[in-house]
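Raw contents of final_18.csv, CSV, N, CA and C atoms:
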chain,number,residue,atom,x,y,z
A,1,GLN,N,90.7,147.9,129.8
A,1,GLN,CA,89.4,148.5,129.8
A,1,GLN,C,89.5,150.0,130.0
A,2,VAL,N,89.0,150.8,129.1
A,2,VAL,CA,89.1,152.2,129.3
A,2,VAL,C,88.2,152.7,130.4
A,3,GLN,N,88.8,153.6,131.2
A,3,GLN,CA,88.0,154.2,132.3
A,3,GLN,C,88.2,155.7,132.2
A,4,LEU,N,87.2,156.4,132.4
A,4,LEU,CA,87.2,157.9,132.4
A,4,LEU,C,86.5,158.4,133.7
A,5,VAL,N,87.2,159.1,134.5
A,5,VAL,CA,86.7,159.5,135.7
A,5,VAL,C,86.8,161.1,135.8
A,6,GLU,N,85.6,161.7,135.9
A,6,GLU,CA,85.6,163.2,135.9
A,6,GLU,C,85.6,163.7,137.4
A,7,SER,N,86.1,164.9,137.5
A,7,SER,CA,86.1,165.5,138.8
A,7,SER,C,86.1,167.0,138.6
A,8,GLY,N,85.8,167.8,139.7
A,8,GLY,CA,86.0,169.2,139.6
A,8,GLY,C,84.7,170.0,139.5
A,9,GLY,N,83.6,169.3,139.3
A,9,GLY,CA,82.3,170.0,139.3
A,9,GLY,C,82.0,170.6,140.6
A,10,GLY,N,80.9,171.4,140.6
A,10,GLY,CA,80.5,172.0,141.9
A,10,GLY,C,79.4,173.1,141.6
A,11,LEU,N,79.2,173.9,142.7
A,11,LEU,CA,78.3,175.0,142.7
A,11,LEU,C,79.1,176.3,142.7
A,12,VAL,N,78.8,177.2,141.8
A,12,VAL,CA,79.5,178.4,141.6
A,12,VAL,C,78.6,179.5,141.2
A,13,GLN,N,78.9,180.7,141.6
A,13,GLN,CA,78.2,181.9,141.3
A,13,GLN,C,78.5,182.3,139.8
A,14,ALA,N,77.6,182.9,139.2
A,14,ALA,CA,77.8,183.4,137.8
A,14,ALA,C,79.0,184.3,137.8
A,15,GLY,N,79.8,184.1,136.8
A,15,GLY,CA,81.0,184.9,136.7
A,15,GLY,C,82.2,184.2,137.3
A,16,GLY,N,82.0,183.1,138.0
A,16,GLY,CA,83.0,182.4,138.6
A,16,GLY,C,83.6,181.4,137.6
A,17,SER,N,84.5,180.6,138.1
A,17,SER,CA,85.2,179.6,137.2
A,17,SER,C,85.4,178.2,137.9
A,18,LEU,N,85.5,177.2,137.1
A,18,LEU,CA,85.8,175.9,137.5
A,18,LEU,C,86.7,175.2,136.5
A,19,ARG,N,87.5,174.3,137.0
A,19,ARG,CA,88.3,173.4,136.1
A,19,ARG,C,87.9,172.0,136.3
A,20,LEU,N,87.4,171.4,135.2
A,20,LEU,CA,87.1,170.0,135.3
A,20,LEU,C,88.3,169.2,134.9
A,21,SER,N,88.4,168.0,135.5
A,21,SER,CA,89.4,167.1,135.1
A,21,SER,C,88.8,165.7,134.8
A,22,CYS,N,89.5,165.0,133.9
A,22,CYS,CA,89.1,163.6,133.5
A,22,CYS,C,90.3,162.8,133.5
A,23,ALA,N,90.4,161.8,134.5
A,23,ALA,CA,91.5,160.9,134.5
A,23,ALA,C,91.2,159.7,133.6
A,24,ALA,N,92.0,159.5,132.6
A,24,ALA,CA,91.8,158.5,131.6
A,24,ALA,C,92.8,157.3,131.8
A,25,SER,N,92.3,156.1,131.7
A,25,SER,CA,93.2,155.0,131.9
A,25,SER,C,92.7,153.8,131.1
A,26,GLY,N,93.5,152.8,131.0
A,26,GLY,CA,93.1,151.5,130.3
A,26,GLY,C,93.7,151.3,128.9
A,27,ARG,N,94.3,152.3,128.4
A,27,ARG,CA,95.0,152.1,127.1
A,27,ARG,C,95.8,153.4,126.8
A,28,THR,N,96.6,153.3,125.8
A,28,THR,CA,97.2,154.5,125.3
A,28,THR,C,96.3,155.3,124.4
A,29,PHE,N,96.3,156.6,124.5
A,29,PHE,CA,95.3,157.4,123.7
A,29,PHE,C,95.8,158.1,122.5
A,30,SER,N,97.0,157.7,122.1
A,30,SER,CA,97.4,158.3,120.8
A,30,SER,C,96.5,157.8,119.7
A,31,GLY,N,96.2,158.7,118.8
A,31,GLY,CA,95.2,158.4,117.8
A,31,GLY,C,93.8,158.6,118.2
A,32,TYR,N,93.6,159.0,119.4
A,32,TYR,CA,92.2,159.2,120.0
A,32,TYR,C,91.9,160.7,120.1
A,33,VAL,N,90.6,161.0,120.1
A,33,VAL,CA,90.1,162.3,120.5
A,33,VAL,C,89.4,162.1,121.8
A,34,LEU,N,89.7,163.0,122.8
A,34,LEU,CA,88.9,163.1,124.0
A,34,LEU,C,88.1,164.4,124.1
A,35,GLY,N,86.9,164.3,124.6
A,35,GLY,CA,86.1,165.4,124.5
A,35,GLY,C,85.2,165.6,125.8
A,36,TRP,N,84.6,166.8,125.8
A,36,TRP,CA,83.6,167.1,126.9
A,36,TRP,C,82.3,167.3,126.2
A,37,PHE,N,81.3,166.7,126.9
A,37,PHE,CA,79.9,166.9,126.5
A,37,PHE,C,79.1,167.4,127.7
A,38,ARG,N,78.0,168.0,127.6
A,38,ARG,CA,77.2,168.3,128.7
A,38,ARG,C,75.7,168.1,128.4
A,39,GLN,N,75.0,167.9,129.5
A,39,GLN,CA,73.5,167.7,129.4
A,39,GLN,C,72.8,168.4,130.5
A,40,ALA,N,72.0,169.4,130.1
A,40,ALA,CA,71.2,170.1,131.1
A,40,ALA,C,69.9,169.4,131.3
A,41,PRO,N,69.2,169.6,132.4
A,41,PRO,CA,67.9,169.0,132.6
A,41,PRO,C,66.9,169.3,131.5
A,42,GLY,N,66.3,168.2,131.0
A,42,GLY,CA,65.3,168.4,130.0
A,42,GLY,C,65.8,168.7,128.6
A,43,LYS,N,67.1,168.7,128.5
A,43,LYS,CA,67.7,169.0,127.2
A,43,LYS,C,68.6,167.8,126.7
A,44,GLU,N,68.9,167.8,125.4
A,44,GLU,CA,69.7,166.8,124.8
A,44,GLU,C,71.2,167.0,125.2
A,45,ARG,N,71.9,166.0,125.2
A,45,ARG,CA,73.4,166.1,125.4
A,45,ARG,C,74.0,166.9,124.2
A,46,GLU,N,74.9,167.8,124.6
A,46,GLU,CA,75.5,168.6,123.5
A,46,GLU,C,77.1,168.6,123.7
A,47,PHE,N,77.7,168.8,122.5
A,47,PHE,CA,79.1,168.8,122.5
A,47,PHE,C,79.6,170.1,123.1
A,48,VAL,N,80.7,170.1,123.8
A,48,VAL,CA,81.3,171.3,124.3
A,48,VAL,C,82.7,171.5,123.7
A,49,ALA,N,83.6,170.5,123.8
A,49,ALA,CA,84.9,170.7,123.2
A,49,ALA,C,85.6,169.4,123.1
A,50,ALA,N,86.6,169.3,122.2
A,50,ALA,CA,87.4,168.0,122.1
A,50,ALA,C,88.8,168.4,121.7
A,51,ILE,N,89.7,167.4,121.9
A,51,ILE,CA,91.1,167.6,121.7
A,51,ILE,C,91.7,166.3,121.1
A,52,ARG,N,92.6,166.4,120.1
A,52,ARG,CA,93.3,165.3,119.7
A,52,ARG,C,94.4,165.0,120.6
A,53,TRP,N,94.5,163.7,121.1
A,53,TRP,CA,95.4,163.4,122.2
A,53,TRP,C,96.9,163.6,121.7
A,54,SER,N,97.1,163.2,120.4
A,54,SER,CA,98.4,163.4,119.8
A,54,SER,C,98.3,164.7,118.9
A,55,GLY,N,99.1,165.6,119.2
A,55,GLY,CA,99.1,166.8,118.3
A,55,GLY,C,98.3,168.0,119.0
A,56,GLY,N,97.3,167.7,119.7
A,56,GLY,CA,96.6,168.7,120.5
A,56,GLY,C,95.6,169.6,119.7
A,57,SER,N,95.2,169.3,118.5
A,57,SER,CA,94.2,170.1,117.8
A,57,SER,C,93.0,170.1,118.7
A,58,THR,N,92.3,171.3,118.7
A,58,THR,CA,91.2,171.5,119.5
A,58,THR,C,89.9,171.9,118.7
A,59,TYR,N,88.8,171.5,119.2
A,59,TYR,CA,87.5,171.8,118.6
A,59,TYR,C,86.6,172.3,119.7
A,60,TYR,N,85.8,173.3,119.4
A,60,TYR,CA,84.9,173.9,120.3
A,60,TYR,C,83.5,174.1,119.8
A,61,ALA,N,82.5,174.0,120.6
A,61,ALA,CA,81.1,174.4,120.3
A,61,ALA,C,81.1,175.9,120.2
A,62,ASP,N,80.3,176.5,119.4
A,62,ASP,CA,80.2,177.9,119.2
A,62,ASP,C,79.8,178.6,120.6
A,63,SER,N,79.0,177.9,121.4
A,63,SER,CA,78.5,178.4,122.6
A,63,SER,C,79.6,178.7,123.6
A,64,VAL,N,80.7,178.0,123.5
A,64,VAL,CA,81.8,178.1,124.5
A,64,VAL,C,83.1,178.6,123.9
A,65,LYS,N,83.2,178.7,122.6
A,65,LYS,CA,84.4,179.1,121.9
A,65,LYS,C,84.8,180.5,122.4
A,66,GLY,N,86.1,180.6,122.7
A,66,GLY,CA,86.6,181.9,123.3
A,66,GLY,C,86.4,182.1,124.7
A,67,ARG,N,85.7,181.1,125.4
A,67,ARG,CA,85.5,181.2,126.8
A,67,ARG,C,86.0,180.0,127.5
A,68,PHE,N,85.8,178.8,127.1
A,68,PHE,CA,86.3,177.6,127.7
A,68,PHE,C,87.6,177.2,127.0
A,69,THR,N,88.4,176.5,127.7
A,69,THR,CA,89.7,176.0,127.1
A,69,THR,C,89.8,174.5,127.5
A,70,ILE,N,90.0,173.7,126.5
A,70,ILE,CA,90.3,172.2,126.7
A,70,ILE,C,91.8,172.0,126.6
A,71,SER,N,92.3,171.1,127.4
A,71,SER,CA,93.7,170.8,127.3
A,71,SER,C,93.9,169.4,127.9
A,72,ARG,N,95.1,168.9,127.7
A,72,ARG,CA,95.4,167.6,128.2
A,72,ARG,C,96.9,167.5,128.7
A,73,ASP,N,97.1,166.6,129.6
A,73,ASP,CA,98.4,166.4,130.1
A,73,ASP,C,98.7,164.9,129.8
A,74,ASN,N,99.5,164.7,128.7
A,74,ASN,CA,99.7,163.4,128.2
A,74,ASN,C,100.5,162.5,129.3
A,75,ALA,N,101.4,163.1,130.1
A,75,ALA,CA,102.1,162.4,131.1
A,75,ALA,C,101.2,161.9,132.2
A,76,LYS,N,100.2,162.7,132.5
A,76,LYS,CA,99.3,162.3,133.6
A,76,LYS,C,98.0,161.6,133.0
A,77,ASN,N,97.9,161.5,131.7
A,77,ASN,CA,96.7,160.9,131.1
A,77,ASN,C,95.4,161.6,131.6
A,78,THR,N,95.5,162.9,131.6
A,78,THR,CA,94.4,163.7,132.2
A,78,THR,C,93.9,164.7,131.2
A,79,LEU,N,92.6,164.8,131.1
A,79,LEU,CA,92.0,165.8,130.3
A,79,LEU,C,91.4,166.9,131.2
A,80,TYR,N,91.4,168.2,130.7
A,80,TYR,CA,90.9,169.3,131.5
A,80,TYR,C,89.9,170.1,130.7
A,81,LEU,N,89.1,170.8,131.4
A,81,LEU,CA,88.2,171.8,130.8
A,81,LEU,C,88.2,173.0,131.7
A,82,GLN,N,88.9,174.1,131.3
A,82,GLN,CA,88.9,175.3,132.1
A,82,GLN,C,87.7,176.2,131.7
A,83,MET,N,86.9,176.5,132.7
A,83,MET,CA,85.6,177.2,132.5
A,83,MET,C,85.6,178.5,133.3
A,84,PRO,N,86.0,179.6,132.7
A,84,PRO,CA,85.9,180.9,133.4
A,84,PRO,C,84.6,181.5,133.0
A,85,SER,N,84.3,182.6,133.7
A,85,SER,CA,83.1,183.4,133.3
A,85,SER,C,81.8,182.6,133.1
A,86,LEU,N,81.6,181.7,134.1
A,86,LEU,CA,80.5,180.8,134.0
A,86,LEU,C,79.1,181.6,134.0
A,87,LYS,N,78.2,181.0,133.3
A,87,LYS,CA,76.8,181.6,133.2
A,87,LYS,C,75.8,180.5,133.7
A,88,PRO,N,74.6,180.9,134.1
A,88,PRO,CA,73.6,180.0,134.6
A,88,PRO,C,73.3,178.9,133.5
A,89,GLU,N,73.4,179.3,132.2
A,89,GLU,CA,73.1,178.4,131.1
A,89,GLU,C,74.2,177.4,130.9
A,90,ASP,N,75.3,177.5,131.7
A,90,ASP,CA,76.3,176.4,131.6
A,90,ASP,C,76.0,175.3,132.6
A,91,THR,N,74.9,175.5,133.4
A,91,THR,CA,74.5,174.4,134.3
A,91,THR,C,74.2,173.1,133.6
A,92,ALA,N,74.8,172.1,134.0
A,92,ALA,CA,74.6,170.8,133.3
A,92,ALA,C,75.5,169.7,134.0
A,93,VAL,N,75.2,168.5,133.6
A,93,VAL,CA,76.2,167.4,134.0
A,93,VAL,C,77.2,167.3,132.8
A,94,TYR,N,78.4,167.4,133.2
A,94,TYR,CA,79.5,167.4,132.2
A,94,TYR,C,80.1,166.0,132.1
A,95,TYR,N,80.3,165.5,130.9
A,95,TYR,CA,80.8,164.2,130.7
A,95,TYR,C,82.1,164.2,129.9
A,96,CYS,N,83.0,163.4,130.3
A,96,CYS,CA,84.2,163.2,129.5
A,96,CYS,C,84.0,162.0,128.6
A,97,ALA,N,84.5,162.0,127.4
A,97,ALA,CA,84.3,160.9,126.4
A,97,ALA,C,85.5,160.7,125.6
A,98,ALA,N,85.7,159.5,125.0
A,98,ALA,CA,86.9,159.2,124.2
A,98,ALA,C,86.4,158.4,123.0
A,99,ARG,N,87.1,158.6,121.9
A,99,ARG,CA,86.9,157.9,120.7
A,99,ARG,C,88.1,157.8,119.8
A,100,ASP,N,88.1,156.7,119.0
A,100,ASP,CA,89.2,156.5,118.1
A,100,ASP,C,89.1,157.6,117.0
A,101,TYR,N,90.2,158.2,116.7
A,101,TYR,CA,90.3,159.2,115.7
A,101,TYR,C,91.4,159.0,114.7
A,102,SER,N,91.8,157.7,114.5
A,102,SER,CA,92.9,157.4,113.7
A,102,SER,C,92.4,157.0,112.3
A,103,GLY,N,93.3,157.0,111.3
A,103,GLY,CA,92.9,156.5,110.0
A,103,GLY,C,91.8,157.3,109.4
A,104,SER,N,90.8,156.6,108.9
A,104,SER,CA,89.7,157.2,108.2
A,104,SER,C,88.8,158.0,109.2
A,105,TYR,N,88.8,157.6,110.5
A,105,TYR,CA,88.0,158.3,111.5
A,105,TYR,C,88.4,159.7,111.6
A,106,SER,N,89.6,160.1,111.2
A,106,SER,CA,90.1,161.4,111.4
A,106,SER,C,89.4,162.4,110.5
A,107,TYR,N,88.6,161.9,109.5
A,107,TYR,CA,87.9,162.7,108.6
A,107,TYR,C,86.5,163.0,109.1
A,108,THR,N,86.1,162.4,110.2
A,108,THR,CA,84.8,162.6,110.7
A,108,THR,C,84.7,163.8,111.7
A,109,ASP,N,83.5,164.2,112.0
A,109,ASP,CA,83.2,165.3,112.9
A,109,ASP,C,83.4,164.9,114.3
A,110,PRO,N,84.4,165.5,115.0
A,110,PRO,CA,84.7,165.1,116.4
A,110,PRO,C,83.6,165.6,117.4
A,111,SER,N,82.6,166.3,116.9
A,111,SER,CA,81.5,166.8,117.8
A,111,SER,C,80.3,165.8,117.9
A,112,LEU,N,80.4,164.7,117.2
A,112,LEU,CA,79.3,163.8,117.2
A,112,LEU,C,79.4,162.8,118.3
A,113,GLY,N,78.5,163.0,119.3
A,113,GLY,CA,78.5,162.2,120.5
A,113,GLY,C,78.4,160.7,120.2
A,114,TYR,N,77.6,160.3,119.2
A,114,TYR,CA,77.3,158.9,119.0
A,114,TYR,C,78.6,158.1,118.6
A,115,GLN,N,79.6,158.8,118.1
A,115,GLN,CA,80.8,158.2,117.7
A,115,GLN,C,81.8,158.0,118.8
A,116,TYR,N,81.5,158.4,120.0
A,116,TYR,CA,82.4,158.2,121.2
A,116,TYR,C,82.0,156.9,121.8
A,117,GLY,N,83.0,156.0,122.0
A,117,GLY,CA,82.7,154.7,122.6
A,117,GLY,C,82.9,154.6,124.1
A,118,TYR,N,83.5,155.6,124.6
A,118,TYR,CA,83.8,155.5,126.1
A,118,TYR,C,83.3,156.8,126.7
A,119,TRP,N,82.7,156.6,127.9
A,119,TRP,CA,82.1,157.8,128.6
A,119,TRP,C,82.4,157.6,130.1
A,120,GLY,N,82.6,158.8,130.7
A,120,GLY,CA,82.7,158.8,132.2
A,120,GLY,C,81.3,158.9,132.8
A,121,GLN,N,81.3,159.0,134.1
A,121,GLN,CA,80.0,159.0,134.8
A,121,GLN,C,79.4,160.4,134.9
A,122,GLY,N,80.2,161.4,134.7
A,122,GLY,CA,79.7,162.8,134.7
A,122,GLY,C,80.0,163.5,136.0
A,123,THR,N,80.0,164.8,135.9
A,123,THR,CA,80.2,165.6,137.1
A,123,THR,C,79.3,166.8,137.0
A,124,GLN,N,78.6,167.2,138.0
A,124,GLN,CA,77.6,168.2,138.0
A,124,GLN,C,78.2,169.6,138.1
A,125,VAL,N,77.8,170.5,137.3
A,125,VAL,CA,78.2,171.9,137.4
A,125,VAL,C,76.9,172.7,137.5
A,126,THR,N,76.8,173.5,138.6
A,126,THR,CA,75.6,174.3,138.8
A,126,THR,C,76.1,175.8,139.0
A,127,VAL,N,75.6,176.6,138.1
A,127,VAL,CA,75.9,178.1,138.2
A,127,VAL,C,74.7,178.8,138.6
A,128,PHE,N,74.8,179.6,139.7
A,128,PHE,CA,73.6,180.4,140.1
A,128,PHE,C,73.9,181.8,140.0
A,129,SER,N,72.8,182.6,139.8
A,129,SER,CA,73.0,184.0,139.6
A,129,SER,C,72.7,184.8,140.8
Mind turning the file's structure into structure tokens?
Amino acid sequence: QVQLVESGGGLVQAGGSLRLSCAASGRTFSGYVLGWFRQAPGKEREFVAAIRWSGGSTYYADSVKGRFTISRDNAKNTLYLQMPSLKPEDTAVYYCAARDYSGSYSYTDPSLGYQYGYWGQGTQVTVFS
């Protein structure tokens, strides 16, 4: 059974940084994409970033491209999201998610949340000005 457990959220002043972690377990993730999504109060969930577990190709939302960095440690089965220069608009619950990205799935858009079959419980990030 796949389990995704996020950590690293918190309260930070604008301009500060956080690193989120997601401990993944329950299967081998080769052929999978793992990603980060976020949901702010009153807003829909949005894609933040994703990474192919094998090979390490990365995908970013335009809103965070060049600012956030997604990475993974295959040996530790852990996904990370480095978030420097945080802004109040980054305030949200951040979720880790995983999906199969093998075979024909590899031609699909990794930013589509509904295609992710596994989700963590989320971690709150609050940025104050």
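With all atoms listed in the file as the atoms that count, the residue of A:Thr123, A:Ser63, A:Thr108, A:Gln13 with the shortest distance to Lys87 (chain A) is A:Gln13.
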List every residue of chain A that DSSP, applied to the backbone of this structure, places in strand (DSSP E), and write the result as number ranges by chain. A: 3-7, 10-13, 18-25, 32-39, 46-52, 58-60, 69-73, 78-83, 92-100, 118-119, 123-128
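Proximity to Arg52 (chain A) was assessed for A:Gly66, A:Tyr101, A:Ala23, A:Gly9 counting all atoms listed in the file; the smallest distance is recorded for A:Tyr101.
For the atom pair formed by atom N of Cys96 (chain A) and atom N of Ser129 (chain A), the distance is 23.7 Å, given to one decimal.
Across the model, the gap from CA of Ser111 (chain A) to atom C of Arg99 (chain A) is 11.3 Å.
Coordinates place CA of Gly10 (chain A) at a distance of 22.1 Å from CA of Tyr60 (chain A).
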Take region 117-128 of chain A, bring it up to all heavy atoms, and give me the output as a PDB file, in the coordinates of the input.
ATOM      1  N   GLY A 117      83.000 156.000 122.000  1.00  0.00           N
ATOM      2  CA  GLY A 117      82.700 154.700 122.600  1.00  0.00           C
ATOM      3  C   GLY A 117      82.900 154.600 124.100  1.00  0.00           C
ATOM      4  O   GLY A 117      82.456 153.616 124.661  1.00  0.00           O
ATOM      5  N   TYR A 118      83.500 155.600 124.600  1.00  0.00           N
ATOM      6  CA  TYR A 118      83.800 155.500 126.100  1.00  0.00           C
ATOM      7  C   TYR A 118      83.300 156.800 126.700  1.00  0.00           C
ATOM      8  O   TYR A 118      83.586 157.911 126.227  1.00  0.00           O
ATOM      9  CB  TYR A 118      85.317 155.352 126.297  1.00  0.00           C
ATOM     10  CG  TYR A 118      85.886 154.152 125.603  1.00  0.00           C
ATOM     11  CD1 TYR A 118      86.594 154.290 124.407  1.00  0.00           C
ATOM     12  CD2 TYR A 118      85.719 152.865 126.126  1.00  0.00           C
ATOM     13  CE1 TYR A 118      87.113 153.179 123.758  1.00  0.00           C
ATOM     14  CE2 TYR A 118      86.234 151.757 125.478  1.00  0.00           C
ATOM     15  CZ  TYR A 118      86.933 151.922 124.296  1.00  0.00           C
ATOM     16  OH  TYR A 118      87.434 150.824 123.650  1.00  0.00           O
ATOM     17  N   TRP A 119      82.700 156.600 127.900  1.00  0.00           N
ATOM     18  CA  TRP A 119      82.100 157.800 128.600  1.00  0.00           C
ATOM     19  C   TRP A 119      82.400 157.600 130.100  1.00  0.00           C
ATOM     20  O   TRP A 119      82.444 156.532 130.658  1.00  0.00           O
ATOM     21  CB  TRP A 119      80.604 157.813 128.413  1.00  0.00           C
ATOM     22  CG  TRP A 119      80.215 158.136 127.007  1.00  0.00           C
ATOM     23  CD1 TRP A 119      80.107 157.264 125.956  1.00  0.00           C
ATOM     24  CD2 TRP A 119      79.904 159.431 126.486  1.00  0.00           C
ATOM     25  NE1 TRP A 119      79.748 157.943 124.815  1.00  0.00           N
ATOM     26  CE2 TRP A 119      79.611 159.266 125.110  1.00  0.00           C
ATOM     27  CE3 TRP A 119      79.843 160.711 127.037  1.00  0.00           C
ATOM     28  CZ2 TRP A 119      79.267 160.346 124.283  1.00  0.00           C
ATOM     29  CZ3 TRP A 119      79.497 161.765 126.222  1.00  0.00           C
ATOM     30  CH2 TRP A 119      79.212 161.584 124.860  1.00  0.00           C
ATOM     31  N   GLY A 120      82.600 158.800 130.700  1.00  0.00           N
ATOM     32  CA  GLY A 120      82.700 158.800 132.200  1.00  0.00           C
ATOM     33  C   GLY A 120      81.300 158.900 132.800  1.00  0.00           C
ATOM     34  O   GLY A 120      80.277 158.927 132.100  1.00  0.00           O
ATOM     35  N   GLN A 121      81.300 159.000 134.100  1.00  0.00           N
ATOM     36  CA  GLN A 121      80.000 159.000 134.800  1.00  0.00           C
ATOM     37  C   GLN A 121      79.400 160.400 134.900  1.00  0.00           C
ATOM     38  O   GLN A 121      78.216 160.522 135.311  1.00  0.00           O
ATOM     39  CB  GLN A 121      80.178 158.385 136.238  1.00  0.00           C
ATOM     40  CG  GLN A 121      80.715 159.345 137.298  1.00  0.00           C
ATOM     41  CD  GLN A 121      82.173 159.708 137.109  1.00  0.00           C
ATOM     42  OE1 GLN A 121      82.894 159.129 136.297  1.00  0.00           O
ATOM     43  NE2 GLN A 121      82.640 160.680 137.880  1.00  0.00           N
ATOM     44  N   GLY A 122      80.200 161.400 134.700  1.00  0.00           N
ATOM     45  CA  GLY A 122      79.700 162.800 134.700  1.00  0.00           C
ATOM     46  C   GLY A 122      80.000 163.500 136.000  1.00  0.00           C
ATOM     47  O   GLY A 122      80.108 162.867 137.058  1.00  0.00           O
ATOM     48  N   THR A 123      80.000 164.800 135.900  1.00  0.00           N
ATOM     49  CA  THR A 123      80.200 165.600 137.100  1.00  0.00           C
ATOM     50  C   THR A 123      79.300 166.800 137.000  1.00  0.00           C
ATOM     51  O   THR A 123      79.156 167.452 135.888  1.00  0.00           O
ATOM     52  CB  THR A 123      81.670 166.077 137.268  1.00  0.00           C
ATOM     53  OG1 THR A 123      81.826 166.785 138.503  1.00  0.00           O
ATOM     54  CG2 THR A 123      82.166 166.960 136.129  1.00  0.00           C
ATOM     55  N   GLN A 124      78.600 167.200 138.000  1.00  0.00           N
ATOM     56  CA  GLN A 124      77.600 168.200 138.000  1.00  0.00           C
ATOM     57  C   GLN A 124      78.200 169.600 138.100  1.00  0.00           C
ATOM     58  O   GLN A 124      79.028 169.836 139.034  1.00  0.00           O
ATOM     59  CB  GLN A 124      76.558 168.023 139.135  1.00  0.00           C
ATOM     60  CG  GLN A 124      75.504 169.113 139.243  1.00  0.00           C
ATOM     61  CD  GLN A 124      74.497 169.078 138.107  1.00  0.00           C
ATOM     62  OE1 GLN A 124      73.973 168.026 137.759  1.00  0.00           O
ATOM     63  NE2 GLN A 124      74.230 170.243 137.523  1.00  0.00           N
ATOM     64  N   VAL A 125      77.800 170.500 137.300  1.00  0.00           N
ATOM     65  CA  VAL A 125      78.200 171.900 137.400  1.00  0.00           C
ATOM     66  C   VAL A 125      76.900 172.700 137.500  1.00  0.00           C
ATOM     67  O   VAL A 125      76.014 172.622 136.634  1.00  0.00           O
ATOM     68  CB  VAL A 125      78.977 172.361 136.109  1.00  0.00           C
ATOM     69  CG1 VAL A 125      79.177 173.868 136.122  1.00  0.00           C
ATOM     70  CG2 VAL A 125      80.317 171.640 136.050  1.00  0.00           C
ATOM     71  N   THR A 126      76.800 173.500 138.600  1.00  0.00           N
ATOM     72  CA  THR A 126      75.600 174.300 138.800  1.00  0.00           C
ATOM     73  C   THR A 126      76.100 175.800 139.000  1.00  0.00           C
ATOM     74  O   THR A 126      76.906 176.051 139.849  1.00  0.00           O
ATOM     75  CB  THR A 126      74.852 173.867 140.020  1.00  0.00           C
ATOM     76  OG1 THR A 126      74.475 172.486 139.860  1.00  0.00           O
ATOM     77  CG2 THR A 126      73.600 174.706 140.209  1.00  0.00           C
ATOM     78  N   VAL A 127      75.600 176.600 138.100  1.00  0.00           N
ATOM     79  CA  VAL A 127      75.900 178.100 138.200  1.00  0.00           C
ATOM     80  C   VAL A 127      74.700 178.800 138.600  1.00  0.00           C
ATOM     81  O   VAL A 127      73.650 178.774 137.903  1.00  0.00           O
ATOM     82  CB  VAL A 127      76.438 178.546 136.801  1.00  0.00           C
ATOM     83  CG1 VAL A 127      76.912 179.988 136.903  1.00  0.00           C
ATOM     84  CG2 VAL A 127      77.570 177.645 136.306  1.00  0.00           C
ATOM     85  N   PHE A 128      74.800 179.600 139.700  1.00  0.00           N
ATOM     86  CA  PHE A 128      73.600 180.400 140.100  1.00  0.00           C
ATOM     87  C   PHE A 128      73.900 181.800 140.000  1.00  0.00           C
ATOM     88  O   PHE A 128      75.043 182.299 140.070  1.00  0.00           O
ATOM     89  CB  PHE A 128      73.299 179.999 141.600  1.00  0.00           C
ATOM     90  CG  PHE A 128      74.382 180.350 142.576  1.00  0.00           C
ATOM     91  CD1 PHE A 128      74.365 181.568 143.254  1.00  0.00           C
ATOM     92  CD2 PHE A 128      75.423 179.460 142.832  1.00  0.00           C
ATOM     93  CE1 PHE A 128      75.370 181.887 144.162  1.00  0.00           C
ATOM     94  CE2 PHE A 128      76.426 179.761 143.731  1.00  0.00           C
ATOM     95  CZ  PHE A 128      76.403 180.988 144.394  1.00  0.00           C
TER      96      PHE A 128
END
